[in-house]
Amino acid sequence: MGFNQYWYQGYIIWLACMMNMIWFIFIITVVSASVFPNLDHIRPSATLEDQRQAAQELIQRILGPKSSSFQVDIVVNNDQEYRDTFNLISDGSNVTISATSGVSAAMGFYYFLKTKCGCQFTWAGEQLSLPSPLPVISKPGITVTTNDRFRYYQNVCTSSYTFVWWDWEKWQRHIDWMAMNGINLPLAFTGQEAIFQRVYRELGFTDEDLQHHFAGPAFLAWARMGNMEGWGGPLPQTWIEDQLALQHKILDRMRELGMTPVLPAFAGHVPKAITRLYPKVKVSQLDNWGRFNKTYCCTYLLDFQDPLFKKIGASLIRKMEEEFGVDHIYNGDTFNEMVPISNDTDYVRAAGKAVYSAMTAADQKAVWLMQGLLFLSEPQFWHPEQTKALLTSVPQGRMIVLDLMAVQTPAYKRTKSFYGQPFIWCMLHNYGGTMRLYGVIDTVNEGPFTARNYPNSSMIGIGLTPEGLYQNEVMYEFMNENAYASSPRNLTAWFSDFARNRYGKYNQDADQAWQLLKLSVYNCTDGMFDDNSYVIPTNRPNSDLQLPDIWYNPEQLYGAWSHMVKASVVLGNSTLFRYDLVDIARNCLQVISTKFYTGMIAAYKERNKYMLQKAGDALIQLFWDMEELLGSDIHFLLGPWLRDSRKHGHTVAEQNLMEYNARNQITLWGPTGEVRDYAAKQWSGLISSYYAKRYQYFFDDLLECVEKRKPFNQTKYNDEMFEKVEQPFTFDTSPFPVQPTGNSVKIVSDLYQKYLPTMQSGFYRSLKNWSKQGHKEYAELAQSWVKVKWEQDRVKDKSIHVTI
């Protein structure tokens with residue numbers, strides 16, 4: 001009787017588990033047919049068991065010994081749209097994560113950490129203080145299904161602006177982050193030069209031919225897109241081989257977790273030596289992107305009808321399959337930021353057919369993933385007939401379009417949802433890896449829902465497409481939750497939760513700081529993009545005053561700084577808090593500098609030596625204060641960027657080439673500053689050895705002009721800066737610190753007290769309104785305000801207004 005009783009109890013428990021599993025499988029099954037059957041073959045290549053093991057190992061890497069409390073099960077995904085689902089059950093000691101892929105298991109794991117344990121895992125670090133016991137989630141548990149099939153990640157530029165010097169250790173952590181945030185369609189461009197090299201060698205190209213074609217490591221992204229060639233090279237063979245080995249590790253891990261890596265395709269850009277090897281070949285030359293000289297500009301584009309086009313494209317994919325295996329999705333962009341030579345729709349249609357046909361010649365299941373930026377970057381060319389010709393040149397469902405700038409300028413609305421081709425709604429939040437605080441939080445909150453509900457919408461996913469990382473982490477944390485958010489979120493509550501999770505506890509001042517950031521820097525509504533235009537101190541100074549766009553009330557930003565200083569008494573030991581503390585103070589100093597810079601220009605134009613000296617001294621001192629501030633946190637140092645670059649050189653000559661690439665990209669960006677300051681960084685070491693020097697020379701020249709009653713010569717100044725500061729910096733190999741110095745909390749507190757009187761100036765209350773007037777009027781209004789203030793001060797104390 002006792003035996004039967006235990007048997008019966010065991011049977012009931014077993015039956016309950018089976019019913020729960022059946023219920024879970026039922027809820028992830030839908031009866032509707034796939035909207036895009038041409039994508040049905042895009043599936044994880046790893047087995048369910050391999051994905052389970054990979055997800056379990058991810059949890060082990062993140063939590064260490066505490067990972068034993070988490071158990072992963074992977075089940076077959078029967079959703080006809082192949083959306084991911086996870087289910088969470090916890091008894092307080094053990095958490096079961098049932099999911100449809102390794103990625104969705106990792107996403108469920110992070111969902112539990114964030115929503116139940118108050119944790120956070122980001123680029124800058126992690127806060128992983130788990131409660132004991134763990135939160136209980138009773139059966140049937142929490143079940144979450146993603147809104148769309150795909151979560152795409154990366155811009156084609158990210159490989160150069162951020163990933164260029166990464167080793168496997170950094171990649172491993174980042175792929176973990178990707179999986180935990182649900183990313184299942186990542187770009188995987190590392191190591192492609194090794195495959196292209198094999199293709200071209202078979203066609204008779206020499207290594208010298210390819211050295212003129214491949215760019216240096218920090219500029220490969222733009223050579224791959226045909227924007228230019230050869231700059232920053234020659235590309236060492238050791239680099240090519242090392243990156244190939246790294247790509248194997250990257251692809252293996254992505255696939256183990258159930259991701260579908262996007263590999264490169266042939267877009268038509270070829271080495272110029274092709275005309276020597278194949279005299280009858282038909283080529284055209286692309287425009288001069290970035291104003292590079294003839295050595296580096298005007299890449300050859302193979303004619304779409306030439307037989308070599310399909311031969312090269314098919315050979316590339318075959319050799320990739322031999323080396324890596326393939327996942328049937330490929331990225332290729334023929335006209336990225338380039339204007340086609342003809343607007344004839346037959347020509348445009350032939351371009352699309354050629355790229356796609358080259359893919360399918362080697363992979364009949366190929367799907368072309370294309371950046372949709374071209375429709376926005378060159379609007380004078382891409383009228384509806386040209387746009388439609390390109391988009392419909394490929395069978396429906398065999399092209400996926402990245403609506404790259406959907407936050408600011410959604411292209412799906414002007415292209416009838418890309419004429420039926422599936423698209424991914426993307427957040428292109430950053431340009432060049434620049435660092436100012438910025439976001440369009442309302443659009444990111446509502447935009448994906450609007451796009452899904454658009455008439456005849458062909459949206460199949462969301463994506464992150466930043467050019468560079470390590471900035472504005474809050475925007476990426478928020479955007480990633482759009483994968484499963486059922487509706488736009490309450491922003492006030494969300495930002496409170498974000499701050500609590502980030503720092504490990506609730507703090508009223510930290511909460512208030514983030515609420516003010518939400519209302520100011522992260523609430524851009526004027527259509528401005530996050531670039532480096534006119535930002536001080538990272539732009540070369542100009543006597544024709546140009547000021548950065550300010551879309552918010554700086555007093556709210558300064559208020560956030562004040563609250564963070566107060567919160568530092570309690571939260572100062574948190575590494576993520578100190579990172580944010582420095583970052584917010586940095587951005588405040590950046591805005592404060594506009595008043596000093598405006599004062600310099602106004603004083604020069606008024607021939608007011610006293611006020612010029614005063615404003616110039618204040619600006620230069622601010623740069624040195626910023627240098628000290630940034631030097632106190634590891635995330636804001638120049639040294640690691642340079643150190644990591646040199647690690648990729650096998651000889652001293654290669655190390656010097658790598659460092660030159662690293663230095664040039666973040667400063668001149670080209671031999672003579674063709675894309676100067678586009679990828680600028682506010683880093684300790686770069687402020688003191690580069691930006692401050694440029695402004696010191698500028699200040700000294702203005703003083704001399706006032707004293708000698710002569711006009712400032714901008715051209716002469718620019719030439720001198722190139723010769724004395726900019727070019728010498730790129731060739732220098734002096735080391736910089738790789739470890740922070742100083743106490744961030746004390747430095748930030750002292751700087752806040754120092755600049756508090758300046759922040760209270762009425763100048764900053766007017767910046768937002770002035771900024772709306774256009775750059776010329778903006779500058780004039782700012783200078784007028786400064787001059788009026790001088791006159792008011794002169795009335796109080798006549799000795800301070802001396803004009804010569």
# chains A, B, ... in the order shown; residues from 1 in each chain; ligands from 1

$ residues_around --residues "region 778-787 of chain A" --least-positions-apart "5" --cutoff "6 Å" --atoms "only C-alpha atoms" --output "mmCIF file with C-alpha atoms, in the first residue's frame"
data_model
loop_
_atom_site.group_PDB
_atom_site.id
_atom_site.type_symbol
_atom_site.label_atom_id
_atom_site.label_comp_id
_atom_site.auth_asym_id
_atom_site.auth_seq_id
_atom_site.Cartn_x
_atom_site.Cartn_y
_atom_site.Cartn_z
ATOM 1 C CA LEU A 545 31.508 80.624 -34.518
ATOM 2 C CA ALA A 602 32.905 87.549 -29.416
ATOM 3 C CA TRP A 770 18.875 79.731 -30.059
ATOM 4 C CA SER A 771 19.712 76.307 -31.427
ATOM 5 C CA GLN A 773 17.190 79.253 -35.319
#

$ residues_around --residues "Val444 (chain A)" --least-positions-apart "3" --cutoff "7 Å" --atoms "only C-alpha atoms" --output "ChimeraX atom specification"
/A:407,440-441,447,479

$ residues_around --residues "Tyr691 (chain A)" --least-positions-apart "3" --cutoff "10 Å" --atoms "only C-alpha atoms" --output "count of residues only"
20

$ select_by_dssp --residues "region 10-203 of chain A" --states "strand (DSSP E or B)" --output "number ranges by chain"
A: 70-74, 85-91, 95-99, 120-122, 125-127, 136-145, 150-153, 185-187

$ residues_around --residues "region 162-166 of chain A" --least-positions-apart "2" --cutoff "6 Å" --atoms "only C-alpha atoms" --output "list in words"
Thr158, Ser159, Ser160, Lys170, Gly468, Asp644 and Ser645 of chain A

$ residues_around --residues "Pro422 (chain A)" --least-positions-apart "4" --cutoff "12 Å" --atoms "only C-alpha atoms" --output "PDB file with C-alpha atoms, in the first residue's frame"
ATOM      1  CA  VAL A  35       4.079  35.561 -44.269  1.00  0.00           C
ATOM      2  CA  PHE A  36       7.460  35.101 -45.969  1.00  0.00           C
ATOM      3  CA  PRO A  37       7.871  31.412 -46.870  1.00  0.00           C
ATOM      4  CA  ASN A  38      11.163  32.269 -48.627  1.00  0.00           C
ATOM      5  CA  LEU A  39      12.609  32.741 -45.137  1.00  0.00           C
ATOM      6  CA  ASP A 148       9.025  39.513 -34.258  1.00  0.00           C
ATOM      7  CA  ARG A 149      11.223  36.811 -35.652  1.00  0.00           C
ATOM      8  CA  PHE A 150      14.518  38.681 -35.828  1.00  0.00           C
ATOM      9  CA  VAL A 367      18.864  35.703 -48.722  1.00  0.00           C
ATOM     10  CA  TRP A 368      20.254  39.184 -49.305  1.00  0.00           C
ATOM     11  CA  LEU A 369      20.323  41.480 -46.270  1.00  0.00           C
ATOM     12  CA  MET A 370      20.767  45.076 -47.420  1.00  0.00           C
ATOM     13  CA  GLY A 372      18.453  50.763 -46.413  1.00  0.00           C
ATOM     14  CA  LEU A 391      13.831  46.399 -54.190  1.00  0.00           C
ATOM     15  CA  THR A 392      11.812  44.356 -56.674  1.00  0.00           C
ATOM     16  CA  VAL A 394      14.935  40.154 -56.024  1.00  0.00           C
ATOM     17  CA  PRO A 395      12.099  37.679 -55.352  1.00  0.00           C
ATOM     18  CA  GLN A 396       9.917  38.795 -52.471  1.00  0.00           C
ATOM     19  CA  GLY A 397      11.235  37.444 -49.206  1.00  0.00           C
ATOM     20  CA  ARG A 398      14.736  36.850 -50.538  1.00  0.00           C
ATOM     21  CA  MET A 399      15.813  40.339 -49.539  1.00  0.00           C
ATOM     22  CA  ILE A 400      15.703  41.739 -46.002  1.00  0.00           C
ATOM     23  CA  VAL A 401      16.071  45.509 -45.758  1.00  0.00           C
ATOM     24  CA  LEU A 402      17.483  47.215 -42.698  1.00  0.00           C
ATOM     25  CA  ASP A 403      15.484  50.408 -42.156  1.00  0.00           C
ATOM     26  CA  TYR A 412       9.342  52.165 -44.788  1.00  0.00           C
ATOM     27  CA  THR A 415       8.639  53.078 -49.838  1.00  0.00           C
ATOM     28  CA  LYS A 416       5.284  51.402 -49.181  1.00  0.00           C
ATOM     29  CA  SER A 417       6.918  49.104 -46.656  1.00  0.00           C
ATOM     30  CA  PHE A 418       9.846  48.541 -49.046  1.00  0.00           C
ATOM     31  CA  ALA A 451       5.721  50.167 -37.884  1.00  0.00           C
ATOM     32  CA  ARG A 452       4.090  46.818 -37.141  1.00  0.00           C
ATOM     33  CA  ASN A 456       0.510  46.047 -45.254  1.00  0.00           C
ATOM     34  CA  SER A 457       3.553  46.178 -43.003  1.00  0.00           C
ATOM     35  CA  SER A 458       6.351  43.778 -43.931  1.00  0.00           C
ATOM     36  CA  MET A 459       8.271  44.313 -40.687  1.00  0.00           C
ATOM     37  CA  ILE A 460       9.922  41.138 -39.383  1.00  0.00           C
ATOM     38  CA  GLY A 461      12.194  42.424 -36.627  1.00  0.00           C
ATOM     39  CA  ILE A 462      14.010  45.151 -34.776  1.00  0.00           C
TER      40      ILE A 462
END

$ residues_around --residues "Cys524 (chain A)" --least-positions-apart "3" --cutoff "10 Å" --atoms "only C-alpha atoms" --output "ChimeraX atom specification"
/A:408,438-443,518-521,527-530,550-552

$ write_last_selection --atoms "all heavy atoms" --output "short mmCIF file (atom, residue, chain, number, x, y, z; two decimals), in the first residue's frame"
data_model
loop_
_atom_site.label_atom_id
_atom_site.label_comp_id
_atom_site.auth_asym_id
_atom_site.auth_seq_id
_atom_site.Cartn_x
_atom_site.Cartn_y
_atom_site.Cartn_z
N GLN A 408 14.91 58.20 -36.67
CA GLN A 408 14.87 59.58 -37.12
C GLN A 408 14.09 59.75 -38.42
O GLN A 408 13.29 60.68 -38.57
CB GLN A 408 16.29 60.13 -37.31
CG GLN A 408 17.12 60.17 -36.05
CD GLN A 408 17.92 58.88 -35.86
OE1 GLN A 408 17.70 57.88 -36.53
NE2 GLN A 408 18.85 58.90 -34.92
N TYR A 438 22.76 61.29 -25.69
CA TYR A 438 21.77 61.57 -26.74
C TYR A 438 20.80 60.41 -26.83
O TYR A 438 21.17 59.23 -26.67
CB TYR A 438 22.48 61.74 -28.08
CG TYR A 438 21.58 61.66 -29.29
CD1 TYR A 438 20.87 62.77 -29.75
CD2 TYR A 438 21.42 60.45 -29.98
CE1 TYR A 438 20.05 62.69 -30.85
CE2 TYR A 438 20.59 60.36 -31.10
CZ TYR A 438 19.91 61.49 -31.53
OH TYR A 438 19.09 61.40 -32.62
N GLY A 439 19.55 60.73 -27.14
CA GLY A 439 18.56 59.70 -27.40
C GLY A 439 17.25 60.28 -27.87
O GLY A 439 16.95 61.47 -27.63
N VAL A 440 16.47 59.46 -28.56
CA VAL A 440 15.13 59.84 -29.01
C VAL A 440 14.17 58.83 -28.38
O VAL A 440 13.61 57.97 -29.04
CB VAL A 440 15.04 59.83 -30.55
CG1 VAL A 440 13.73 60.47 -31.02
CG2 VAL A 440 16.22 60.57 -31.17
N ILE A 441 14.04 58.93 -27.08
CA ILE A 441 13.41 57.88 -26.30
C ILE A 441 11.94 57.65 -26.66
O ILE A 441 11.48 56.50 -26.71
CB ILE A 441 13.56 58.16 -24.78
CG1 ILE A 441 13.21 56.92 -23.96
CG2 ILE A 441 12.76 59.37 -24.36
CD1 ILE A 441 14.20 55.80 -24.10
N ASP A 442 11.19 58.72 -26.95
CA ASP A 442 9.78 58.55 -27.27
C ASP A 442 9.59 57.75 -28.55
O ASP A 442 8.72 56.87 -28.63
CB ASP A 442 9.09 59.91 -27.39
CG ASP A 442 8.83 60.56 -26.05
OD1 ASP A 442 8.76 59.82 -25.05
OD2 ASP A 442 8.71 61.79 -25.99
N THR A 443 10.40 58.03 -29.57
CA THR A 443 10.27 57.31 -30.83
C THR A 443 10.69 55.86 -30.68
O THR A 443 10.07 54.96 -31.25
CB THR A 443 11.10 57.99 -31.92
OG1 THR A 443 10.68 59.35 -32.05
CG2 THR A 443 10.94 57.29 -33.26
N LYS A 518 16.16 61.74 -18.80
CA LYS A 518 15.07 61.30 -19.68
C LYS A 518 14.38 62.50 -20.33
O LYS A 518 14.05 62.49 -21.53
CB LYS A 518 14.05 60.50 -18.87
CG LYS A 518 12.78 60.10 -19.63
CD LYS A 518 11.66 59.76 -18.67
CE LYS A 518 11.15 60.99 -17.92
NZ LYS A 518 10.02 60.69 -17.01
N LEU A 519 14.19 63.56 -19.57
CA LEU A 519 13.50 64.75 -20.07
C LEU A 519 14.38 65.65 -20.92
O LEU A 519 13.87 66.50 -21.65
CB LEU A 519 12.97 65.57 -18.88
CG LEU A 519 11.90 64.91 -18.01
CD1 LEU A 519 11.63 65.75 -16.76
CD2 LEU A 519 10.61 64.71 -18.81
N SER A 520 15.69 65.45 -20.85
CA SER A 520 16.61 66.38 -21.53
C SER A 520 17.39 65.69 -22.64
O SER A 520 16.92 65.62 -23.78
CB SER A 520 17.55 67.02 -20.50
OG SER A 520 18.25 66.03 -19.75
N VAL A 521 18.55 65.16 -22.34
CA VAL A 521 19.43 64.63 -23.38
C VAL A 521 18.80 63.45 -24.13
O VAL A 521 19.09 63.23 -25.31
CB VAL A 521 20.80 64.23 -22.81
CG1 VAL A 521 21.57 65.45 -22.38
CG2 VAL A 521 20.65 63.23 -21.67
N GLY A 527 14.95 66.30 -34.56
CA GLY A 527 15.46 65.61 -35.73
C GLY A 527 16.96 65.54 -35.81
O GLY A 527 17.53 65.03 -36.78
N MET A 528 17.65 66.01 -34.77
CA MET A 528 19.10 66.02 -34.79
C MET A 528 19.64 64.60 -34.65
O MET A 528 19.07 63.77 -33.95
CB MET A 528 19.59 66.92 -33.63
CG MET A 528 21.09 67.01 -33.50
SD MET A 528 21.68 65.80 -32.31
CE MET A 528 23.45 66.06 -32.45
N PHE A 529 20.74 64.31 -35.35
CA PHE A 529 21.38 63.00 -35.26
C PHE A 529 22.53 63.08 -34.28
O PHE A 529 23.11 64.14 -34.05
CB PHE A 529 21.91 62.56 -36.63
CG PHE A 529 20.85 62.43 -37.68
CD1 PHE A 529 21.17 62.53 -39.02
CD2 PHE A 529 19.53 62.20 -37.33
CE1 PHE A 529 20.19 62.41 -40.00
CE2 PHE A 529 18.55 62.06 -38.29
CZ PHE A 529 18.87 62.17 -39.64
N ASP A 530 22.90 61.94 -33.74
CA ASP A 530 23.99 61.89 -32.76
C ASP A 530 25.34 61.84 -33.47
O ASP A 530 25.96 60.81 -33.59
CB ASP A 530 23.83 60.66 -31.86
CG ASP A 530 24.95 60.57 -30.84
OD1 ASP A 530 25.37 61.63 -30.37
OD2 ASP A 530 25.38 59.46 -30.52
N ILE A 550 21.73 72.00 -29.40
CA ILE A 550 21.25 71.73 -28.03
C ILE A 550 19.74 71.63 -28.10
O ILE A 550 19.04 72.61 -28.33
CB ILE A 550 21.66 72.85 -27.05
CG1 ILE A 550 23.18 73.02 -27.01
CG2 ILE A 550 21.11 72.56 -25.65
CD1 ILE A 550 23.93 71.86 -26.39
N TRP A 551 19.20 70.43 -27.94
CA TRP A 551 17.77 70.19 -28.10
C TRP A 551 17.04 70.14 -26.77
O TRP A 551 15.85 69.82 -26.72
CB TRP A 551 17.56 68.87 -28.84
CG TRP A 551 18.15 67.68 -28.14
CD1 TRP A 551 17.53 66.86 -27.25
CD2 TRP A 551 19.50 67.22 -28.24
NE1 TRP A 551 18.41 65.90 -26.79
CE2 TRP A 551 19.62 66.09 -27.38
CE3 TRP A 551 20.62 67.64 -28.95
CZ2 TRP A 551 20.82 65.40 -27.23
CZ3 TRP A 551 21.80 66.94 -28.81
CH2 TRP A 551 21.90 65.84 -27.97
N TYR A 552 17.73 70.47 -25.69
CA TYR A 552 17.17 70.32 -24.34
C TYR A 552 17.57 71.53 -23.50
O TYR A 552 18.41 72.35 -23.90
CB TYR A 552 17.69 69.04 -23.70
CG TYR A 552 19.21 68.96 -23.67
CD1 TYR A 552 19.95 69.46 -22.62
CD2 TYR A 552 19.91 68.39 -24.75
CE1 TYR A 552 21.34 69.42 -22.61
CE2 TYR A 552 21.30 68.33 -24.75
CZ TYR A 552 22.01 68.84 -23.68
OH TYR A 552 23.37 68.81 -23.69
#

$ select_by_dssp --residues "region 48-172 of chain A" --states "helix (DSSP H, G or I)" --output "count of residues only"
50

$ closest_atom_pairs --of "region 107-149 of chain A" --to "region 85-101 of chain A" --cutoff "12 Å" --atoms "only C-alpha atoms" --output "CSV"
residue,atom,partner,partner_atom,distance
A:Met107,CA,A:Phe86,CA,7.9
A:Gly108,CA,A:Phe86,CA,5.8
A:Phe109,CA,A:Ile97,CA,7.1
A:Tyr110,CA,A:Ile97,CA,10.7
A:Tyr111,CA,A:Leu88,CA,9.2
A:Phe112,CA,A:Leu88,CA,7.7
A:Leu113,CA,A:Val95,CA,11.0
A:Thr115,CA,A:Leu88,CA,11.7
A:Lys116,CA,A:Ser90,CA,10.6
A:Cys117,CA,A:Gly92,CA,11.6
A:Leu130,CA,A:Gly92,CA,11.5
A:Pro131,CA,A:Gly92,CA,9.7
A:Ser132,CA,A:Gly92,CA,8.0
A:Pro133,CA,A:Gly92,CA,5.3
A:Leu134,CA,A:Gly92,CA,4.5
A:Pro135,CA,A:Gly92,CA,5.4
A:Val136,CA,A:Gly92,CA,4.8
A:Ile137,CA,A:Ser90,CA,4.7
A:Ser138,CA,A:Ile89,CA,6.1
A:Lys139,CA,A:Ile89,CA,6.2
A:Pro140,CA,A:Ile89,CA,7.2
A:Gly141,CA,A:Ile89,CA,4.7
A:Ile142,CA,A:Leu88,CA,5.2
A:Thr143,CA,A:Asn87,CA,4.3
A:Val144,CA,A:Phe86,CA,5.5
A:Thr145,CA,A:Thr85,CA,4.2
A:Thr146,CA,A:Thr85,CA,6.4
A:Asn147,CA,A:Thr85,CA,9.8
A:Asp148,CA,A:Thr85,CA,10.7
A:Arg149,CA,A:Thr85,CA,10.4

$ closest_atom_pairs --of "region 153-205 of chain A" --to "region 225-235 of chain A" --cutoff "12 Å" --atoms "only C-alpha atoms" --output "CSV"
residue,atom,partner,partner_atom,distance
A:Asn155,CA,A:Met225,CA,12.0
A:Val156,CA,A:Met225,CA,8.6
A:Cys157,CA,A:Met225,CA,9.7
A:Phe189,CA,A:Met225,CA,11.9
A:Glu193,CA,A:Leu235,CA,9.5
A:Ala194,CA,A:Leu235,CA,11.0
A:Gln197,CA,A:Leu235,CA,11.5

$ write_last_selection --atoms "all heavy atoms" --output "mmCIF file, in the first residue's frame"
data_model
loop_
_atom_site.group_PDB
_atom_site.id
_atom_site.type_symbol
_atom_site.label_atom_id
_atom_site.label_comp_id
_atom_site.auth_asym_id
_atom_site.auth_seq_id
_atom_site.Cartn_x
_atom_site.Cartn_y
_atom_site.Cartn_z
ATOM 1 N N ASN A 155 26.160 47.685 -37.195
ATOM 2 C CA ASN A 155 26.328 48.503 -38.388
ATOM 3 C C ASN A 155 27.583 47.991 -39.086
ATOM 4 O O ASN A 155 28.482 47.458 -38.425
ATOM 5 C CB ASN A 155 26.502 49.966 -37.952
ATOM 6 C CG ASN A 155 26.510 50.946 -39.089
ATOM 7 O OD1 ASN A 155 27.397 50.935 -39.936
ATOM 8 N ND2 ASN A 155 25.522 51.820 -39.101
ATOM 9 N N VAL A 156 27.667 48.132 -40.383
ATOM 10 C CA VAL A 156 28.881 47.680 -41.068
ATOM 11 C C VAL A 156 30.116 48.434 -40.583
ATOM 12 O O VAL A 156 31.248 47.964 -40.751
ATOM 13 C CB VAL A 156 28.740 47.829 -42.598
ATOM 14 C CG1 VAL A 156 27.745 46.819 -43.132
ATOM 15 C CG2 VAL A 156 28.335 49.241 -42.982
ATOM 16 N N CYS A 157 29.917 49.612 -39.973
ATOM 17 C CA CYS A 157 31.048 50.400 -39.463
ATOM 18 C C CYS A 157 31.502 49.965 -38.076
ATOM 19 O O CYS A 157 32.614 50.304 -37.653
ATOM 20 C CB CYS A 157 30.679 51.883 -39.429
ATOM 21 S SG CYS A 157 30.267 52.591 -41.026
ATOM 22 N N PHE A 189 31.403 39.943 -39.868
ATOM 23 C CA PHE A 189 32.282 40.379 -40.958
ATOM 24 C C PHE A 189 33.765 40.131 -40.705
ATOM 25 O O PHE A 189 34.590 40.372 -41.573
ATOM 26 C CB PHE A 189 32.060 41.872 -41.214
ATOM 27 C CG PHE A 189 31.050 42.165 -42.300
ATOM 28 C CD1 PHE A 189 30.097 41.224 -42.631
ATOM 29 C CD2 PHE A 189 31.054 43.367 -42.969
ATOM 30 C CE1 PHE A 189 29.155 41.485 -43.633
ATOM 31 C CE2 PHE A 189 30.140 43.637 -43.974
ATOM 32 C CZ PHE A 189 29.181 42.696 -44.309
ATOM 33 N N GLU A 193 38.708 39.209 -45.319
ATOM 34 C CA GLU A 193 39.798 39.482 -46.263
ATOM 35 C C GLU A 193 40.542 38.200 -46.646
ATOM 36 O O GLU A 193 41.050 38.081 -47.767
ATOM 37 C CB GLU A 193 40.763 40.512 -45.673
ATOM 38 C CG GLU A 193 40.284 41.950 -45.773
ATOM 39 C CD GLU A 193 39.053 42.242 -44.938
ATOM 40 O OE1 GLU A 193 38.937 41.657 -43.826
ATOM 41 O OE2 GLU A 193 38.214 43.055 -45.368
ATOM 42 N N ALA A 194 40.610 37.235 -45.728
ATOM 43 C CA ALA A 194 41.267 35.965 -46.048
ATOM 44 C C ALA A 194 40.528 35.230 -47.162
ATOM 45 O O ALA A 194 41.157 34.608 -48.032
ATOM 46 C CB ALA A 194 41.346 35.088 -44.798
ATOM 47 N N GLN A 197 40.934 37.158 -50.429
ATOM 48 C CA GLN A 197 42.292 36.945 -50.909
ATOM 49 C C GLN A 197 42.377 35.641 -51.714
ATOM 50 O O GLN A 197 43.009 35.599 -52.789
ATOM 51 C CB GLN A 197 43.252 36.894 -49.720
ATOM 52 C CG GLN A 197 44.723 36.840 -50.091
ATOM 53 C CD GLN A 197 45.598 36.780 -48.852
ATOM 54 O OE1 GLN A 197 45.529 35.822 -48.074
ATOM 55 N NE2 GLN A 197 46.417 37.804 -48.657
#

$ residues_around --residues "region 210-216 of chain A" --least-positions-apart "2" --cutoff "10 Å" --atoms "only C-alpha atoms" --output "NGL selection string"
:A and (160 or 193 or 196-197 or 200-201 or 205-208 or 218-224 or 226 or 228-237 or 239 or 269-273 or 295-296 or 299 or 657-658 or 660-662)

$ closest_residue --among "A:Asp617, A:Leu128, A:Arg646, A:Ala483" --to "Ile424 (chain A)" --atoms "only C-alpha atoms"
A:Ala483

$ closest_residue --among "A:Pro264, A:Thr733, A:Tyr161, A:Lys609" --to "Tyr678 (chain A)" --atoms "only C-alpha atoms"
A:Tyr161

$ atom_distance --atom1 "CA of Gln714 (chain A)" --atom2 "CA of Lys294 (chain A)"
26.3 Å

$ closest_residue --among "A:Glu337, A:Tyr522, A:Ala411, A:Glu467" --to "Asn445 (chain A)" --atoms "only C-alpha atoms"
A:Tyr522

$ closest_residue --among "A:Val326, A:Ala499, A:Met259, A:Val738" --to "Phe577 (chain A)" --atoms "only C-alpha atoms"
A:Ala499
